[in-house]
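Q: Shown below is the structure under consideration.
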Number of protein chains: 4
Amino acid sequence: MEKKTVAVVGATGLAGQQFIAALEEHPWFQMTALVSSKRSAGKKYGDAVKQANGSVGWWAGEFPSDKTQQMVVQLSDDFDPESVDIVFTATEIAPSPDQQARGETKQSLTQAIESRFATARPTISTTSAFRYEDDVPIIIPGVNSNHAPLLKKQADRGWKGFVMPIPNCTTTGLAVSLKPIYDKFGIDMVLMTSMQAMSGAGRTGGVLGLDILDNVIPFIAGEEEKVQKETQKILGDYADGAITPADLKISCTCTRVNVQDGHTEAVFVSTKDRCTVDAVKEAMREIGRELTGLPSAPGEMIVIREDPFRPQPKIDRNAHDGMATVVGRVREDTALPNGIKYVLVSHNTKMGAAKGAVLVAEQLVQEGLI
Amino acid sequence: MEKKTVAVVGATGLAGQQFIAALEEHPWFQMTALVSSKRSAGKKYGDAVKQANGSVGWWAGEFPSDKTQQMVVQLSDDFDPESVDIVFTATEIAPSPDQQARGETKQSLTQAIESRFATARPTISTTSAFRYEDDVPIIIPGVNSNHAPLLKKQADRGWKGFVMPIPNCTTTGLAVSLKPIYDKFGIDMVLMTSMQAMSGAGRTGGVLGLDILDNVIPFIAGEEEKVQKETQKILGDYADGAITPADLKISCTCTRVNVQDGHTEAVFVSTKDRCTVDAVKEAMREIGRELTGLPSAPGEMIVIREDPFRPQPKIDRNAHDGMATVVGRVREDTALPNGIKYVLVSHNTKMGAAKGAVLVAEQLVQEGLI
Amino acid sequence: MEKKTVAVVGATGLAGQQFIAALEEHPWFQMTALVSSKRSAGKKYGDAVKQANGSVGWWAGEFPSDKTQQMVVQLSDDFDPESVDIVFTATEIAPSPDQQARGETKQSLTQAIESRFATARPTISTTSAFRYEDDVPIIIPGVNSNHAPLLKKQADRGWKGFVMPIPNCTTTGLAVSLKPIYDKFGIDMVLMTSMQAMSGAGRTGGVLGLDILDNVIPFIAGEEEKVQKETQKILGDYADGAITPADLKISCTCTRVNVQDGHTEAVFVSTKDRCTVDAVKEAMREIGRELTGLPSAPGEMIVIREDPFRPQPKIDRNAHDGMATVVGRVREDTALPNGIKYVLVSHNTKMGAAKGAVLVAEQLVQEGLI
Amino acid sequence: MEKKTVAVVGATGLAGQQFIAALEEHPWFQMTALVSSKRSAGKKYGDAVKQANGSVGWWAGEFPSDKTQQMVVQLSDDFDPESVDIVFTATEIAPSPDQQARGETKQSLTQAIESRFATARPTISTTSAFRYEDDVPIIIPGVNSNHAPLLKKQADRGWKGFVMPIPNCTTTGLAVSLKPIYDKFGIDMVLMTSMQAMSGAGRTGGVLGLDILDNVIPFIAGEEEKVQKETQKILGDYADGAITPADLKISCTCTRVNVQDGHTEAVFVSTKDRCTVDAVKEAMREIGRELTGLPSAPGEMIVIREDPFRPQPKIDRNAHDGMATVVGRVREDTALPNGIKYVLVSHNTKMGAAKGAVLVAEQLVQEGLI
């Protein structure tokens, strides 16, 4: 198979770098365009990540290959999406004061740029700009791949391509872990408290060391609403060109803790049918078997730990290269009807971001949608 | 009023030191006995906290006064509880291999020593040894002071004194914050996830830096059961010489985070009667008004924060010298019937330990029970 | 004595807040003007520190008094320095792209604003803008108060007031600890490695949690040069209206560690005359005795610890409310001629910043220079 | 070549686990004996690392292979060193109170057990027990391999094998980085301040999270003396069956910081001959070229970083799988005669411990000494 050519938009940012790390040496995809804002455009990528203070701004593990370093970064406005087969985008655009005055928002500007790509090509995005539109699925391979046909409906927008957003990084592990329970026992209610890693906040406007040292920050703006809404959509039914959100009640409290990578979530679930701890674990172990053959798919989608002190973000976030959801402490809940509770760790910048987006692209290719 | 004389048992340990910090310059109490194990007995207190490696093992803020430093530490076996008016004890006794072979447990050994004190004198304990006995209340001043008369029932054990244990440090903030809701609206169900500080684990067997850096540890042995049981008992009804535990369902997940002091708890509550966010806040603000006049009582028992990023353990743990429970993010729950959710911070080594125990003693004195 | 009126310029920033904390309830000084940039001007101070995301941006301990909260923040351009007796300024002004194009630098812009204040009034600054000018002393009370007459020379600039900058926060503890050695034994050479706290980097452009967790950052731009140059100037001789820098060789490596407040420095000194560990400690204990009577002066300028595990920033930074330099591990050096080595901790945002600047002002008042 | 059989003594401890990680799939060596104390002996290794509280006590990355898990741990007293070709030992034996009373020390007991192994077989040790004996070299491959013949002198002790200790983990990076400077320019004096990782303190008696959070601990008992003495020995001359320590003055201050792995060291060097920054870097790049062919040798022994913010322990400790010393900020010193200063990061539990010991064994095999 000839490799498909791909662009990474927002290539110098934290998420863009993670795309590059996930795409270097990818067996199916080949980066042929790196796209960024004015500050970096025209520079070789290896120079573009050098910062004004002389430091190298690379935060995604192994430094890129020589070949990638030599690629010249394109200006976003000049980038022609038709020049590639797939666009991966990690760019949110904050409005300038002038734009704000004209009523533009981060969402409207990000939608505008993603639309421009989608007009021409399949566009996989880590942003939330299109997540809540009716003709846009939020796909996690192994969880709701059956929502993929909805992408075709975006042709009604006059697009040759489509926008396919991945979920918020906090939603991912939750939805993955709920899916087998939902399918087997039904779910009435979910209560979740997250202890989220700092990398989830990115670098621009990221959490200061001063603020997080010896601390927990009990609020992440907008996060709880996203997780609640996205989980219902992901677990929803697809039929007749529309997704009906899952009929489950869900409530979250999202906090930030002093952890580099890996979101930890304490989950309480009330199922519709009676379930047992063993049956839940068994169902969890079964999920994602169909992903065989996708290069970025984890060997196991959910890893179950029996050690009561696990999962821990430091030790478990890298299970299956950060693509598995690690679940532990599965036990009966002492309050909820048909209650089950557990703790999960999910790598927010791997499965929860760029590499998760690459996995979606792989699946869409496999299914012939790309 | 002449000061009452008090002993601190376990005086060199972390909790014992916090007792000393809480009792130095206390207007009602005067330390006349510091009691410890063989390693320290016979030494002046100032020398007893010097460690084998040359460092000074003092972890409770300001170093003790000269007067306290000069006090000679008594051996626990030699200590006569009748020599003081009140015994404060922070000592848990781990069984030696021999004792283990004879069936002794930490609980049985700790009960034995606390019994010896209680035979003679009111004994306020931070341990769990007696917490779940029928004739033993777990009192938090301002929450369930009305349970105090149960202490008299311990006379049936042939004791002249009594044992009065304070709750687990994770229970304290939870019970304080639930009390006004329970009284005003009734509570059907509570789900709580804690993010607990390291000082809660003490120093012996404390959490290693290696284990907690860049990490969350999702399990604390025995903690969840304690919190669940104690909360029901504290919120229970006292009548006819017995406590009937509150009829509320409760489920916890207790985790450890990289924080020095101050337990953070994300709480989801389903009330019996409908309630509003404002009504909950108002009820919370009212609690504890009757504590006026107790030297260790906080100015406000619950402090409500409106800043959505609060409470944070680093910033809020010391509110009212660590004696207040700081509550924030009070909002409607999106899943539970009549749901309310919030986040609290409670200082685990102040209100949740020694200084909380001193506050109980103050109240018992005020009520004439000591 | 009537209180002198003072302005705090840069009042909403981290350093400005620390000024406010140091000046609330000051017995000699009364804040009558809070000055800031366009974003805050015209608002009440209590509102000005509220941030766009709803959080309260206050990072200097106890929240300001009601009176301070009610003060209306003045725009820097509108502020008349003649309206107060003393100006405290903590503002560095970064050039806009336009200004940069015109050749303006942070230093030139900061000098411009400080000049405007100094034209009218004594101006105590925490910035480096004027530190290296010939007619500007860098005074640490108790160390080089004798440099103060140099301030009069600034009258040659046509100023009615003067600019008095305090040193870089990393210089302060070093200079304080070297002074008694320098006076008694002479110093040939100093080698210092710092482990600096995050608060030294401020909040704008502060260290990200992502970068400092589980890490040491071995470089702080410009810091080593500042420390080297300032130490020589502070220990220098003042005569005939000029400071001759101390003739000592000095070399630093400045690093950032995961600590909130308190710079730790490992110092190696080669003295001119032979010295002993005991003689060095004795000299250190003597320093600063003359500061009696200044409200912000520490009880001891240098505190010596004999515990080999001290000083530690977490435990020692608040000695004498952060105004003392805490020294430990004083021992013979095994390499340098007449070598002595030790470790010090100095609070970078108290003695090393705003409160240190207030102490200087107190001394200048006492000496009649203000 | 048939694989040599090796034993790991102290197999369940932190250092022992790192040996196992370094030896799994080793091309030359095959683990045939895992040796431990009474607590673990007789158990399968996979069970032996399970802890009393139900957690899995494995801290060395990837969990051991099934084959290793199935190996039955031997009791140290029963282990016959003749049953293997090489003994790797990581065990220090603390004296019991009885043994202490008889005058035994950790060193004497550790020497006793290492002697028993060495009587029969080459014994590579991470302990300090024999490091300072006259007939014992402390070899770092690529630095002082020429000291290896001294091992033969241990035959005078009546041993068929020998004891070959690796240096203290803080010495390793320092000696590696000094060697090229020493050889090319001569060294008069070295001053070093370390910022050491927590894993260097191990788990038993390891640093508590409570103590290191938001802190620097400025003392590590015995460390400075070890580093000073070992560096002189490693850089010394070997001739006529004896090592003459290098004639260089050296002084260290060793501190602990809140870092998992990777010691950071700020080094100031005064060379005998004049040198330049470029010449020092060039010499550093040349070192270790002769290690080609050893399976555990790094691709480069010293990696030079030009980014002024490097090396950082979090980012650089794993260079060449933790076997390289990463050096940055090489610059002229502003105080010392012929002064050079730089910062290094060295992985204390890889090159500085077990994997470094495996590298030594590889070299001794290559040279025919094993």
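Just remember, in the structure tokens the first chain shown is A, the second B, etc., residues are 1-based per chain, and ligands are 1-based in the order shown.
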Show me, as a VMD selection string, every residue of chain A with an atom at most 7 Å from chain D, counting only C-alpha atoms.

A: chain A and resid 54 to 56 307 to 309

Q: Quick one: everything within 12 Å of Asp78 of chain C, counting only C-alpha atoms, minus sequence neighbours fewer than 6 positions away in the same chain. Send it as a compact mmCIF listing (two decimals) with C-alpha atoms, in the first residue's frame.

A:
# COMPACT_ATOMS: atom_id res chain seq x y z
CA VAL C 9 3.69 50.76 41.80
CA ALA C 33 -1.54 55.15 46.37
CA LEU C 34 -1.74 51.84 44.52
CA VAL C 35 -0.54 52.17 40.96
CA SER C 36 -0.86 49.79 38.08
CA SER C 37 -1.27 49.43 34.33
CA LYS C 38 -4.32 50.08 32.21
CA ALA C 41 -6.55 51.28 36.75
CA GLY C 42 -9.80 52.75 37.98
CA ILE C 113 9.50 55.19 34.69
CA ARG C 116 9.99 59.92 36.61
CA PHE C 117 9.38 58.87 40.20

Q: Check the DSSP output for the backbone and give back, as a ChimeraX atom specification, the residues of segment 149-313 of chain C in alpha helix (DSSP H).

A: /C:169-185,209-212,223-234,277-286,313

Q: Can you list, as a ChimeraX atom specification, every protein, DNA or RNA residue that comes within 10 Å of segment 10-22 of chain D when you count only C-alpha atoms, leaving out same-chain residues fewer than 5 positions away?

A: /D:31,33-37,39-40,45-46,48-50,57-65,68,73-76,88-92,126,199-200,202-204,296,349-350,353-359

Q: Considering only C-alpha atoms, state which residue in the set A:Ile370, A:Gly173, A:Asn215, A:Val327 is at the smallest distance from Val259 of chain B.

A: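 Distance minimum relative to Val259 of chain B lands on A:Asn215.
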
Q: Identify, on the basis of only C-alpha atoms, every residue whose closest approach to Ser346 of chain D does not exceed 12 Å; exclude the query and any residue fewer than 5 positions from it along the same chain; express the result as a PyMOL selection string.

A: chain D and resi 168-177+194-197+200+261-266+301-303+311-328+351-353+356

Q: Generate the output file for the selected residues, N, CA and C atoms, as a compact mmCIF listing (two decimals), in the first residue's frame.

A:
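again-v3.txt, written as the output of this step:
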# COMPACT_ATOMS: atom_id res chain seq x y z
N ASN D 168 30.24 5.00 44.11
CA ASN D 168 29.02 5.69 44.53
C ASN D 168 28.39 6.36 43.30
N CYS D 169 27.06 6.36 43.27
CA CYS D 169 26.38 6.86 42.08
C CYS D 169 26.65 8.34 41.82
N THR D 170 27.06 9.08 42.83
CA THR D 170 27.36 10.49 42.64
C THR D 170 28.77 10.68 42.10
N THR D 171 29.62 9.74 42.41
CA THR D 171 31.00 9.80 41.87
C THR D 171 31.02 9.58 40.37
N THR D 172 30.15 8.68 39.90
CA THR D 172 30.27 8.19 38.53
C THR D 172 30.28 9.31 37.50
N GLY D 173 29.22 10.11 37.47
CA GLY D 173 29.15 11.17 36.47
C GLY D 173 30.28 12.17 36.62
N LEU D 174 30.65 12.45 37.87
CA LEU D 174 31.74 13.41 38.10
C LEU D 174 33.04 12.87 37.52
N ALA D 175 33.36 11.62 37.85
CA ALA D 175 34.63 11.05 37.38
C ALA D 175 34.64 10.93 35.86
N VAL D 176 33.50 10.53 35.28
CA VAL D 176 33.44 10.42 33.82
C VAL D 176 33.72 11.77 33.18
N SER D 177 33.11 12.83 33.71
CA SER D 177 33.26 14.15 33.09
C SER D 177 34.63 14.74 33.35
N SER D 194 26.08 18.82 44.36
CA SER D 194 25.15 17.87 43.72
C SER D 194 23.72 18.16 44.14
N MET D 195 22.80 17.85 43.22
CA MET D 195 21.37 17.89 43.49
C MET D 195 20.87 16.51 43.16
N GLN D 196 20.82 15.64 44.17
CA GLN D 196 20.67 14.21 43.92
C GLN D 196 19.23 13.74 43.96
N ALA D 197 18.97 12.74 43.15
CA ALA D 197 17.63 12.16 43.05
C ALA D 197 17.32 11.28 44.24
N GLY D 200 18.48 7.50 44.72
CA GLY D 200 19.79 7.24 45.29
C GLY D 200 19.73 6.84 46.75
N ASP D 261 14.88 10.19 39.47
CA ASP D 261 16.14 9.57 39.04
C ASP D 261 17.00 10.62 38.37
N GLY D 262 18.30 10.45 38.48
CA GLY D 262 19.22 11.34 37.77
C GLY D 262 19.83 12.37 38.70
N HIS D 263 21.12 12.22 38.95
CA HIS D 263 21.81 13.20 39.79
C HIS D 263 22.31 14.35 38.91
N THR D 264 22.05 15.57 39.36
CA THR D 264 22.55 16.77 38.69
C THR D 264 23.72 17.30 39.51
N GLU D 265 24.81 17.68 38.83
CA GLU D 265 25.98 18.18 39.56
C GLU D 265 26.50 19.45 38.87
N ALA D 266 26.68 20.47 39.69
CA ALA D 266 27.28 21.71 39.21
C ALA D 266 28.77 21.65 39.56
N MET D 301 29.76 8.19 25.52
CA MET D 301 29.95 8.16 26.97
C MET D 301 29.55 9.51 27.58
N ILE D 302 29.88 10.59 26.88
CA ILE D 302 29.44 11.92 27.31
C ILE D 302 28.67 12.56 26.15
N VAL D 303 27.48 13.04 26.46
CA VAL D 303 26.69 13.79 25.49
C VAL D 303 26.79 15.26 25.87
N PRO D 311 21.86 20.25 30.88
CA PRO D 311 21.02 19.08 31.02
C PRO D 311 20.01 19.23 32.15
N GLN D 312 18.89 18.59 31.98
CA GLN D 312 17.86 18.50 33.03
C GLN D 312 17.66 17.02 33.35
N PRO D 313 17.54 16.69 34.64
CA PRO D 313 17.44 15.25 34.95
C PRO D 313 16.24 14.59 34.28
N LYS D 314 15.09 15.27 34.26
CA LYS D 314 13.90 14.61 33.70
C LYS D 314 14.08 14.27 32.23
N ILE D 315 14.73 15.14 31.51
CA ILE D 315 14.84 14.99 30.05
C ILE D 315 16.10 14.24 29.65
N ASP D 316 17.16 14.37 30.43
CA ASP D 316 18.46 13.85 29.98
C ASP D 316 18.91 12.57 30.65
N ARG D 317 18.25 12.18 31.74
CA ARG D 317 18.77 11.02 32.47
C ARG D 317 18.75 9.76 31.64
N ASN D 318 17.85 9.67 30.70
CA ASN D 318 17.75 8.43 29.94
C ASN D 318 18.54 8.42 28.64
N ALA D 319 19.42 9.42 28.47
CA ALA D 319 20.25 9.43 27.25
C ALA D 319 21.03 8.12 27.17
N HIS D 320 20.99 7.52 26.01
CA HIS D 320 21.65 6.21 25.82
C HIS D 320 21.26 5.24 26.93
N ASP D 321 19.96 5.16 27.15
CA ASP D 321 19.41 4.28 28.19
C ASP D 321 20.05 4.50 29.57
N GLY D 322 20.34 5.73 29.89
CA GLY D 322 20.84 6.04 31.23
C GLY D 322 22.31 5.72 31.43
N MET D 323 23.02 5.42 30.34
CA MET D 323 24.43 5.05 30.46
C MET D 323 25.37 6.19 30.07
N ALA D 324 24.83 7.26 29.51
CA ALA D 324 25.68 8.40 29.16
C ALA D 324 25.67 9.43 30.29
N THR D 325 26.75 10.17 30.40
CA THR D 325 26.78 11.37 31.24
C THR D 325 26.47 12.55 30.33
N VAL D 326 25.44 13.32 30.68
CA VAL D 326 25.04 14.44 29.84
C VAL D 326 25.57 15.73 30.45
N VAL D 327 26.33 16.47 29.66
CA VAL D 327 27.02 17.66 30.15
C VAL D 327 26.52 18.88 29.38
N GLY D 328 26.31 19.96 30.07
CA GLY D 328 25.90 21.20 29.42
C GLY D 328 26.46 22.39 30.15
N MET D 351 23.65 3.92 34.88
CA MET D 351 25.12 3.94 34.85
C MET D 351 25.67 3.98 36.27
N GLY D 352 24.96 4.60 37.18
CA GLY D 352 25.47 4.75 38.53
C GLY D 352 25.22 3.56 39.43
N ALA D 353 24.58 2.53 38.94
CA ALA D 353 24.31 1.38 39.82
C ALA D 353 24.34 0.09 38.99
N GLY D 356 25.55 -0.11 35.37
CA GLY D 356 26.97 0.22 35.36
C GLY D 356 27.81 -0.96 35.81

Q: Check segment 108-248 of chain C with DSSP on the backbone and list each residue it calls strand (DSSP E or B), as JSON, numbers by chain.

A: {"C": [122, 123, 124, 125, 162, 163, 164, 165, 187, 188, 189, 190, 191, 192, 193, 194, 195, 196, 208, 217, 237, 238, 239, 242, 243, 244]}

Q: If we count only C-alpha atoms and set the cut-off at 12 Å, which residues sit around Asp156 of chain C, ignoring sequence neighbours fewer than 5 positions away in its own chain? Please answer as a PyMOL selection string.

A: chain C and resi 119+135-136+150-151+161-162+241

Q: When you draw a straight line from atom CA of Ile181 of chain D to atom CA of Asp333 of chain D, how long is it in Å?

A: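 Value for the atom CA of Ile181 of chain D-atom CA of Asp333 of chain D distance: 14.3 Å.
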
Q: Counting only C-alpha atoms, what is within 12 Å of Ile243 of chain C, bar same-chain residues fewer than 4 positions away, as a list in words?

A: Tyr132, Glu133, Asp134, Asp135, Val136, Pro137, Ile138, Ile139, Asn144, Asn146, His147, Ala148, Pro149, Leu150, Leu151, Lys153, Glu230, Gln232, Lys233, Ile234, Leu235, Gly236, Asp237, Tyr238, Ala239 and Asp247 of chain C

Q: Please produce a file of those selected residues containing C-alpha atoms, as a PDB file, in the first residue's frame.

A:
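Written output follows (part_21.pdb):
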ATOM      1  CA  TYR C 132      24.727  48.983  37.947  1.00  0.00           C
ATOM      2  CA  GLU C 133      24.879  52.773  37.614  1.00  0.00           C
ATOM      3  CA  ASP C 134      27.819  54.460  39.290  1.00  0.00           C
ATOM      4  CA  ASP C 135      25.753  56.820  41.439  1.00  0.00           C
ATOM      5  CA  VAL C 136      23.398  54.101  42.640  1.00  0.00           C
ATOM      6  CA  PRO C 137      24.139  51.958  45.686  1.00  0.00           C
ATOM      7  CA  ILE C 138      22.525  48.563  46.260  1.00  0.00           C
ATOM      8  CA  ILE C 139      21.900  48.596  49.959  1.00  0.00           C
ATOM      9  CA  ASN C 144      26.432  48.096  53.521  1.00  0.00           C
ATOM     10  CA  ASN C 146      27.449  53.004  54.743  1.00  0.00           C
ATOM     11  CA  HIS C 147      26.854  53.213  50.970  1.00  0.00           C
ATOM     12  CA  ALA C 148      23.707  55.238  51.557  1.00  0.00           C
ATOM     13  CA  PRO C 149      25.320  58.691  51.197  1.00  0.00           C
ATOM     14  CA  LEU C 150      25.919  57.863  47.528  1.00  0.00           C
ATOM     15  CA  LEU C 151      22.201  58.412  47.048  1.00  0.00           C
ATOM     16  CA  LYS C 153      24.909  62.103  44.333  1.00  0.00           C
ATOM     17  CA  GLU C 230      26.076  42.865  42.733  1.00  0.00           C
ATOM     18  CA  GLN C 232      31.181  42.758  44.478  1.00  0.00           C
ATOM     19  CA  LYS C 233      29.406  46.101  44.589  1.00  0.00           C
ATOM     20  CA  ILE C 234      27.640  45.448  47.887  1.00  0.00           C
ATOM     21  CA  LEU C 235      30.825  44.306  49.604  1.00  0.00           C
ATOM     22  CA  GLY C 236      32.749  47.183  48.019  1.00  0.00           C
ATOM     23  CA  ASP C 237      34.164  50.284  49.707  1.00  0.00           C
ATOM     24  CA  TYR C 238      32.393  53.606  49.646  1.00  0.00           C
ATOM     25  CA  ALA C 239      34.566  56.686  49.673  1.00  0.00           C
ATOM     26  CA  ASP C 247      38.304  42.747  44.942  1.00  0.00           C
TER      27      ASP C 247
END
